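The file protein29.pdb comes next; it holds PDB, C-alpha atoms, pLDDT in the B column.
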ATOM      1  CA  VAL A 231       8.705  13.997   3.365  1.00 86.00           C
ATOM      2  CA  GLN A 232       6.012  12.243   5.355  1.00 92.00           C
ATOM      3  CA  LEU A 233       3.645   9.452   4.430  1.00 95.00           C
ATOM      4  CA  GLN A 234       0.578   8.960   6.592  1.00 93.00           C
ATOM      5  CA  ALA A 235      -1.415   5.768   6.193  1.00 93.00           C
ATOM      6  CA  SER A 236      -4.873   5.290   7.626  1.00 94.00           C
ATOM      7  CA  GLY A 237      -7.847   2.967   7.421  1.00 96.00           C
ATOM      8  CA  GLY A 238      -6.505  -0.060   9.229  1.00 94.00           C
ATOM      9  CA  GLY A 239      -8.404  -1.945  11.889  1.00 96.00           C
ATOM     10  CA  THR A 240     -10.028  -5.267  12.628  1.00 97.00           C
ATOM     11  CA  VAL A 241     -12.350  -6.935  10.163  1.00 98.00           C
ATOM     12  CA  ARG A 242     -13.917 -10.366   9.877  1.00 98.00           C
ATOM     13  CA  ALA A 243     -12.811 -12.819   7.245  1.00 98.00           C
ATOM     14  CA  GLY A 244     -14.554 -12.128   3.966  1.00 97.00           C
ATOM     15  CA  GLY A 245     -14.849  -8.441   4.732  1.00 98.00           C
ATOM     16  CA  SER A 246     -13.291  -5.398   3.105  1.00 98.00           C
ATOM     17  CA  VAL A 247     -11.010  -2.576   4.153  1.00 98.00           C
ATOM     18  CA  ARG A 248      -9.852   0.528   2.307  1.00 98.00           C
ATOM     19  CA  LEU A 249      -6.487   1.988   3.196  1.00 98.00           C
ATOM     20  CA  SER A 250      -5.418   5.514   2.355  1.00 97.00           C
ATOM     21  CA  CYS A 251      -1.987   7.107   2.300  1.00 97.00           C
ATOM     22  CA  ALA A 252      -1.084  10.730   1.735  1.00 95.00           C
ATOM     23  CA  ALA A 253       2.437  11.923   1.073  1.00 94.00           C
ATOM     24  CA  SER A 254       3.465  15.446   1.971  1.00 91.00           C
ATOM     25  CA  GLY A 255       6.541  17.583   2.358  1.00 89.00           C
ATOM     26  CA  ARG A 256       8.188  20.640   0.897  1.00 83.00           C
ATOM     27  CA  SER A 257      10.697  18.601  -1.107  1.00 78.00           C
ATOM     28  CA  LEU A 258       8.186  15.977  -2.193  1.00 84.00           C
ATOM     29  CA  SER A 259       8.502  14.712  -5.731  1.00 88.00           C
ATOM     30  CA  THR A 260       7.340  11.237  -6.674  1.00 90.00           C
ATOM     31  CA  ASP A 261       6.685   9.214  -9.806  1.00 92.00           C
ATOM     32  CA  GLY A 262       4.661   6.511  -8.130  1.00 94.00           C
ATOM     33  CA  MET A 263       3.454   4.964  -4.912  1.00 96.00           C
ATOM     34  CA  ALA A 264       2.983   1.455  -3.622  1.00 97.00           C
ATOM     35  CA  TRP A 265       1.711  -0.744  -0.835  1.00 98.00           C
ATOM     36  CA  PHE A 266       3.645  -3.388   1.060  1.00 98.00           C
ATOM     37  CA  ARG A 267       2.852  -5.445   4.118  1.00 98.00           C
ATOM     38  CA  GLN A 268       4.690  -7.324   6.810  1.00 98.00           C
ATOM     39  CA  ALA A 269       3.152 -10.092   8.861  1.00 96.00           C
ATOM     40  CA  PRO A 270       4.676 -11.276  12.143  1.00 92.00           C
ATOM     41  CA  GLY A 271       7.655 -13.492  11.475  1.00 94.00           C
ATOM     42  CA  HIS A 272       7.662 -12.695   7.776  1.00 96.00           C
ATOM     43  CA  GLN A 273       9.588 -10.343   5.518  1.00 97.00           C
ATOM     44  CA  ARG A 274       7.992  -7.272   4.069  1.00 97.00           C
ATOM     45  CA  GLU A 275       6.296  -8.112   0.781  1.00 97.00           C
ATOM     46  CA  PHE A 276       5.161  -6.087  -2.188  1.00 98.00           C
ATOM     47  CA  LEU A 277       1.429  -5.853  -2.850  1.00 98.00           C
ATOM     48  CA  ALA A 278       0.679  -3.245  -5.489  1.00 98.00           C
ATOM     49  CA  ALA A 279       2.020  -0.118  -7.142  1.00 97.00           C
ATOM     50  CA  ILE A 280       0.790   2.719  -9.291  1.00 97.00           C
ATOM     51  CA  ALA A 281       2.806   4.894 -11.664  1.00 96.00           C
ATOM     52  CA  TRP A 282       1.751   8.507 -11.945  1.00 94.00           C
ATOM     53  CA  SER A 283       2.912   8.913 -15.545  1.00 92.00           C
ATOM     54  CA  ASP A 284       0.127   6.800 -17.039  1.00 93.00           C
ATOM     55  CA  SER A 285      -1.704   5.395 -13.990  1.00 93.00           C
ATOM     56  CA  SER A 286      -0.333   1.936 -14.725  1.00 96.00           C
ATOM     57  CA  THR A 287      -0.870  -0.497 -11.887  1.00 97.00           C
ATOM     58  CA  TYR A 288       1.109  -3.547 -10.824  1.00 97.00           C
ATOM     59  CA  TYR A 289       0.133  -6.332  -8.456  1.00 97.00           C
ATOM     60  CA  ALA A 290       1.668  -9.263  -6.663  1.00 97.00           C
ATOM     61  CA  GLU A 291       0.353 -12.386  -8.335  1.00 95.00           C
ATOM     62  CA  PHE A 292      -0.756 -14.016  -5.120  1.00 93.00           C
ATOM     63  CA  LEU A 293      -3.417 -11.333  -4.581  1.00 92.00           C
ATOM     64  CA  ARG A 294      -5.481 -12.812  -7.436  1.00 82.00           C
ATOM     65  CA  GLY A 295      -7.603  -9.732  -7.917  1.00 90.00           C
ATOM     66  CA  ARG A 296      -8.667  -9.273  -4.311  1.00 97.00           C
ATOM     67  CA  PHE A 297      -6.878  -5.934  -3.858  1.00 98.00           C
ATOM     68  CA  THR A 298      -7.103  -2.801  -6.014  1.00 98.00           C
ATOM     69  CA  ILE A 299      -4.729   0.154  -5.935  1.00 98.00           C
ATOM     70  CA  SER A 300      -5.766   3.618  -7.031  1.00 97.00           C
ATOM     71  CA  GLY A 301      -4.503   7.098  -6.471  1.00 96.00           C
ATOM     72  CA  ASP A 302      -4.441  10.809  -7.136  1.00 93.00           C
ATOM     73  CA  SER A 303      -1.103  12.094  -8.370  1.00 91.00           C
ATOM     74  CA  ALA A 304      -2.064  15.721  -7.781  1.00 91.00           C
ATOM     75  CA  LYS A 305      -2.588  14.949  -4.115  1.00 91.00           C
ATOM     76  CA  ASN A 306       0.162  12.325  -3.827  1.00 91.00           C
ATOM     77  CA  THR A 307      -2.419  10.053  -2.314  1.00 95.00           C
ATOM     78  CA  VAL A 308      -2.800   6.329  -2.850  1.00 97.00           C
ATOM     79  CA  TYR A 309      -5.532   3.912  -1.818  1.00 98.00           C
ATOM     80  CA  LEU A 310      -5.736   0.169  -1.411  1.00 98.00           C
ATOM     81  CA  GLN A 311      -9.135  -1.475  -1.570  1.00 98.00           C
ATOM     82  CA  MET A 312      -8.913  -4.926  -0.024  1.00 98.00           C
ATOM     83  CA  ASN A 313     -11.771  -7.377  -0.519  1.00 98.00           C
ATOM     84  CA  SER A 314     -12.421 -10.977   0.483  1.00 97.00           C
ATOM     85  CA  LEU A 315      -9.976 -10.637   3.327  1.00 98.00           C
ATOM     86  CA  LYS A 316      -8.493 -13.729   4.939  1.00 97.00           C
ATOM     87  CA  PRO A 317      -6.871 -14.225   8.341  1.00 97.00           C
ATOM     88  CA  GLU A 318      -3.520 -14.565   6.563  1.00 96.00           C
ATOM     89  CA  ASP A 319      -3.899 -10.984   5.356  1.00 97.00           C
ATOM     90  CA  THR A 320      -3.289  -9.875   8.931  1.00 98.00           C
ATOM     91  CA  ALA A 321      -0.225  -7.626   8.833  1.00 98.00           C
ATOM     92  CA  VAL A 322       1.102  -4.120   9.137  1.00 98.00           C
ATOM     93  CA  TYR A 323       0.469  -2.380   5.834  1.00 98.00           C
ATOM     94  CA  TYR A 324       2.948   0.214   4.615  1.00 97.00           C
ATOM     95  CA  CYS A 325       2.691   2.754   1.884  1.00 97.00           C
ATOM     96  CA  ALA A 326       5.747   3.904   0.000  1.00 97.00           C
ATOM     97  CA  ALA A 327       6.641   6.504  -2.588  1.00 95.00           C
ATOM     98  CA  LYS A 328       9.492   6.770  -5.065  1.00 93.00           C
ATOM     99  CA  HIS A 329      11.411   9.852  -6.096  1.00 93.00           C
ATOM    100  CA  PRO A 330      11.745  10.082  -9.888  1.00 92.00           C
ATOM    101  CA  THR A 331      15.528   9.633  -9.668  1.00 93.00           C
ATOM    102  CA  ALA A 332      15.422   6.784  -7.155  1.00 91.00           C
ATOM    103  CA  ALA A 333      15.827   3.166  -8.211  1.00 91.00           C
ATOM    104  CA  THR A 334      13.375   1.945  -5.602  1.00 93.00           C
ATOM    105  CA  TYR A 335      10.880   3.233  -3.068  1.00 95.00           C
ATOM    106  CA  ASN A 336      12.696   5.645  -0.813  1.00 92.00           C
ATOM    107  CA  TYR A 337       9.894   7.239   1.182  1.00 94.00           C
ATOM    108  CA  TRP A 338       8.024   5.074   3.685  1.00 95.00           C
ATOM    109  CA  GLY A 339       5.082   5.509   5.993  1.00 92.00           C
ATOM    110  CA  ARG A 340       4.908   4.103   9.521  1.00 92.00           C
ATOM    111  CA  GLY A 341       2.344   1.469   8.677  1.00 93.00           C
ATOM    112  CA  THR A 342      -1.191   0.695   9.706  1.00 96.00           C
ATOM    113  CA  GLN A 343      -2.324  -2.559  11.306  1.00 97.00           C
ATOM    114  CA  VAL A 344      -4.955  -4.702   9.610  1.00 98.00           C
ATOM    115  CA  THR A 345      -6.247  -7.665  11.570  1.00 98.00           C
ATOM    116  CA  VAL A 346      -8.575 -10.192   9.958  1.00 98.00           C
ATOM    117  CA  SER A 347     -10.431 -12.406  12.395  1.00 97.00           C
ATOM    118  CA  SER A 348     -11.751 -15.826  11.484  1.00 92.00           C
TER     119      SER A 348
END
Output the structure of this file as structure tokens.
Amino acid sequence: VQLQASGGGTVRAGGSVRLSCAASGRSLSTDGMAWFRQAPGHQREFLAAIAWSDSSTYYAEFLRGRFTISGDSAKNTVYLQMNSLKPEDTAVYYCAAKHPTAATYNYWGRGTQVTVSS
């Protein structure tokens, strides 16, 4: 199983970025996908998740509506629209997927860097 994230780069504060992540693999079976990020010197933190069963979405409270997760279960693809970006959003962004029998996210992508300049 492979997860490939794309869409990262450098953006000015106040700008927007849209990340994409596609999961693939012969044994791939997931019931949802999510986004996390890790800034230098910080632990990896949860941002948002989507459940394929009913397209329910979940967000970290600190995002306060700035980020939106969406996805296509048929393609095992998830997106993260990030608006009103701040320098403190600078981090490596990771996508993750969860097997239906797993208790937590067990498939991880390699991450994509997002840098927000002031």
- Message: I'd like the interatomic distance between CA of Ala333 in chain A and CA of Arg294 in chain A, to a tenth of an Å.
- Response: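 Distance reported for this atom pair: 26.6 Å.
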- Item | Atom-to-atom span, CA of Gln234 in chain A and CA of Tyr337 in chain A, Å |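 Answer for the CA of Gln234 in chain A to CA of Tyr337 in chain A separation: 10.9 Å.
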Set up a box along x, y and z of the file covering all listed atoms of range 328-342 of chain A, add 3 Å on every one of the six sides, and write the centre and edge lengths in Å to one decimal, as lines of an AutoDock Vina configuration file.
center_x = 7.3
center_y = 5.4
center_z = -0.1
size_x = 23.0
size_y = 15.4
size_z = 25.6
- Message: Env of Ala281 in chain A: 8 Å cut, atoms = all atoms listed in the file, seq-sep filter 6 positions within chain, self excluded. Answer as a ChimeraX atom specification.
- Response: /A:261-263,287
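Minimum distance to Tyr324 in chain A across A:Asn306, A:Ser285, A:Thr298, A:Gln268 (counting only C-alpha atoms) occurs at A:Gln268.
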Starting from the incomplete input, reconstruct N, CA and C atoms of range 261-273 of chain A and report them as a PDB file, in the frame of the given file.
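Final output, saved to selection_4.pdb:
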ATOM      1  N   ASP A 261       7.212   9.691  -8.536  1.00 92.00           N
ATOM      2  CA  ASP A 261       6.685   9.214  -9.806  1.00 92.00           C
ATOM      3  C   ASP A 261       5.798   7.989  -9.623  1.00 92.00           C
ATOM      4  N   GLY A 262       5.556   7.625  -8.374  1.00 94.00           N
ATOM      5  CA  GLY A 262       4.661   6.511  -8.130  1.00 94.00           C
ATOM      6  C   GLY A 262       4.619   6.166  -6.654  1.00 94.00           C
ATOM      7  N   MET A 263       3.601   5.395  -6.293  1.00 96.00           N
ATOM      8  CA  MET A 263       3.454   4.964  -4.912  1.00 96.00           C
ATOM      9  C   MET A 263       3.079   3.492  -4.890  1.00 96.00           C
ATOM     10  N   ALA A 264       3.221   2.896  -3.717  1.00 97.00           N
ATOM     11  CA  ALA A 264       2.983   1.455  -3.622  1.00 97.00           C
ATOM     12  C   ALA A 264       2.546   1.077  -2.216  1.00 97.00           C
ATOM     13  N   TRP A 265       2.065  -0.148  -2.116  1.00 98.00           N
ATOM     14  CA  TRP A 265       1.711  -0.744  -0.835  1.00 98.00           C
ATOM     15  C   TRP A 265       2.518  -2.012  -0.625  1.00 98.00           C
ATOM     16  N   PHE A 266       2.962  -2.189   0.612  1.00 98.00           N
ATOM     17  CA  PHE A 266       3.645  -3.388   1.060  1.00 98.00           C
ATOM     18  C   PHE A 266       2.984  -3.822   2.367  1.00 98.00           C
ATOM     19  N   ARG A 267       3.314  -5.015   2.805  1.00 98.00           N
ATOM     20  CA  ARG A 267       2.852  -5.445   4.118  1.00 98.00           C
ATOM     21  C   ARG A 267       3.886  -6.355   4.755  1.00 98.00           C
ATOM     22  N   GLN A 268       3.802  -6.431   6.066  1.00 98.00           N
ATOM     23  CA  GLN A 268       4.690  -7.324   6.810  1.00 98.00           C
ATOM     24  C   GLN A 268       3.908  -7.990   7.920  1.00 98.00           C
ATOM     25  N   ALA A 269       3.817  -9.304   7.832  1.00 96.00           N
ATOM     26  CA  ALA A 269       3.152 -10.092   8.861  1.00 96.00           C
ATOM     27  C   ALA A 269       4.184 -10.529   9.887  1.00 96.00           C
ATOM     28  N   PRO A 270       3.739 -10.825  11.105  1.00 92.00           N
ATOM     29  CA  PRO A 270       4.676 -11.276  12.143  1.00 92.00           C
ATOM     30  C   PRO A 270       5.481 -12.480  11.686  1.00 92.00           C
ATOM     31  N   GLY A 271       6.793 -12.386  11.850  1.00 94.00           N
ATOM     32  CA  GLY A 271       7.655 -13.492  11.475  1.00 94.00           C
ATOM     33  C   GLY A 271       7.928 -13.617   9.995  1.00 94.00           C
ATOM     34  N   HIS A 272       7.469 -12.661   9.228  1.00 96.00           N
ATOM     35  CA  HIS A 272       7.662 -12.695   7.776  1.00 96.00           C
ATOM     36  C   HIS A 272       8.376 -11.431   7.310  1.00 96.00           C
ATOM     37  N   GLN A 273       8.963 -11.518   6.118  1.00 97.00           N
ATOM     38  CA  GLN A 273       9.588 -10.343   5.518  1.00 97.00           C
ATOM     39  C   GLN A 273       8.529  -9.442   4.901  1.00 97.00           C
TER      40      GLN A 273
END
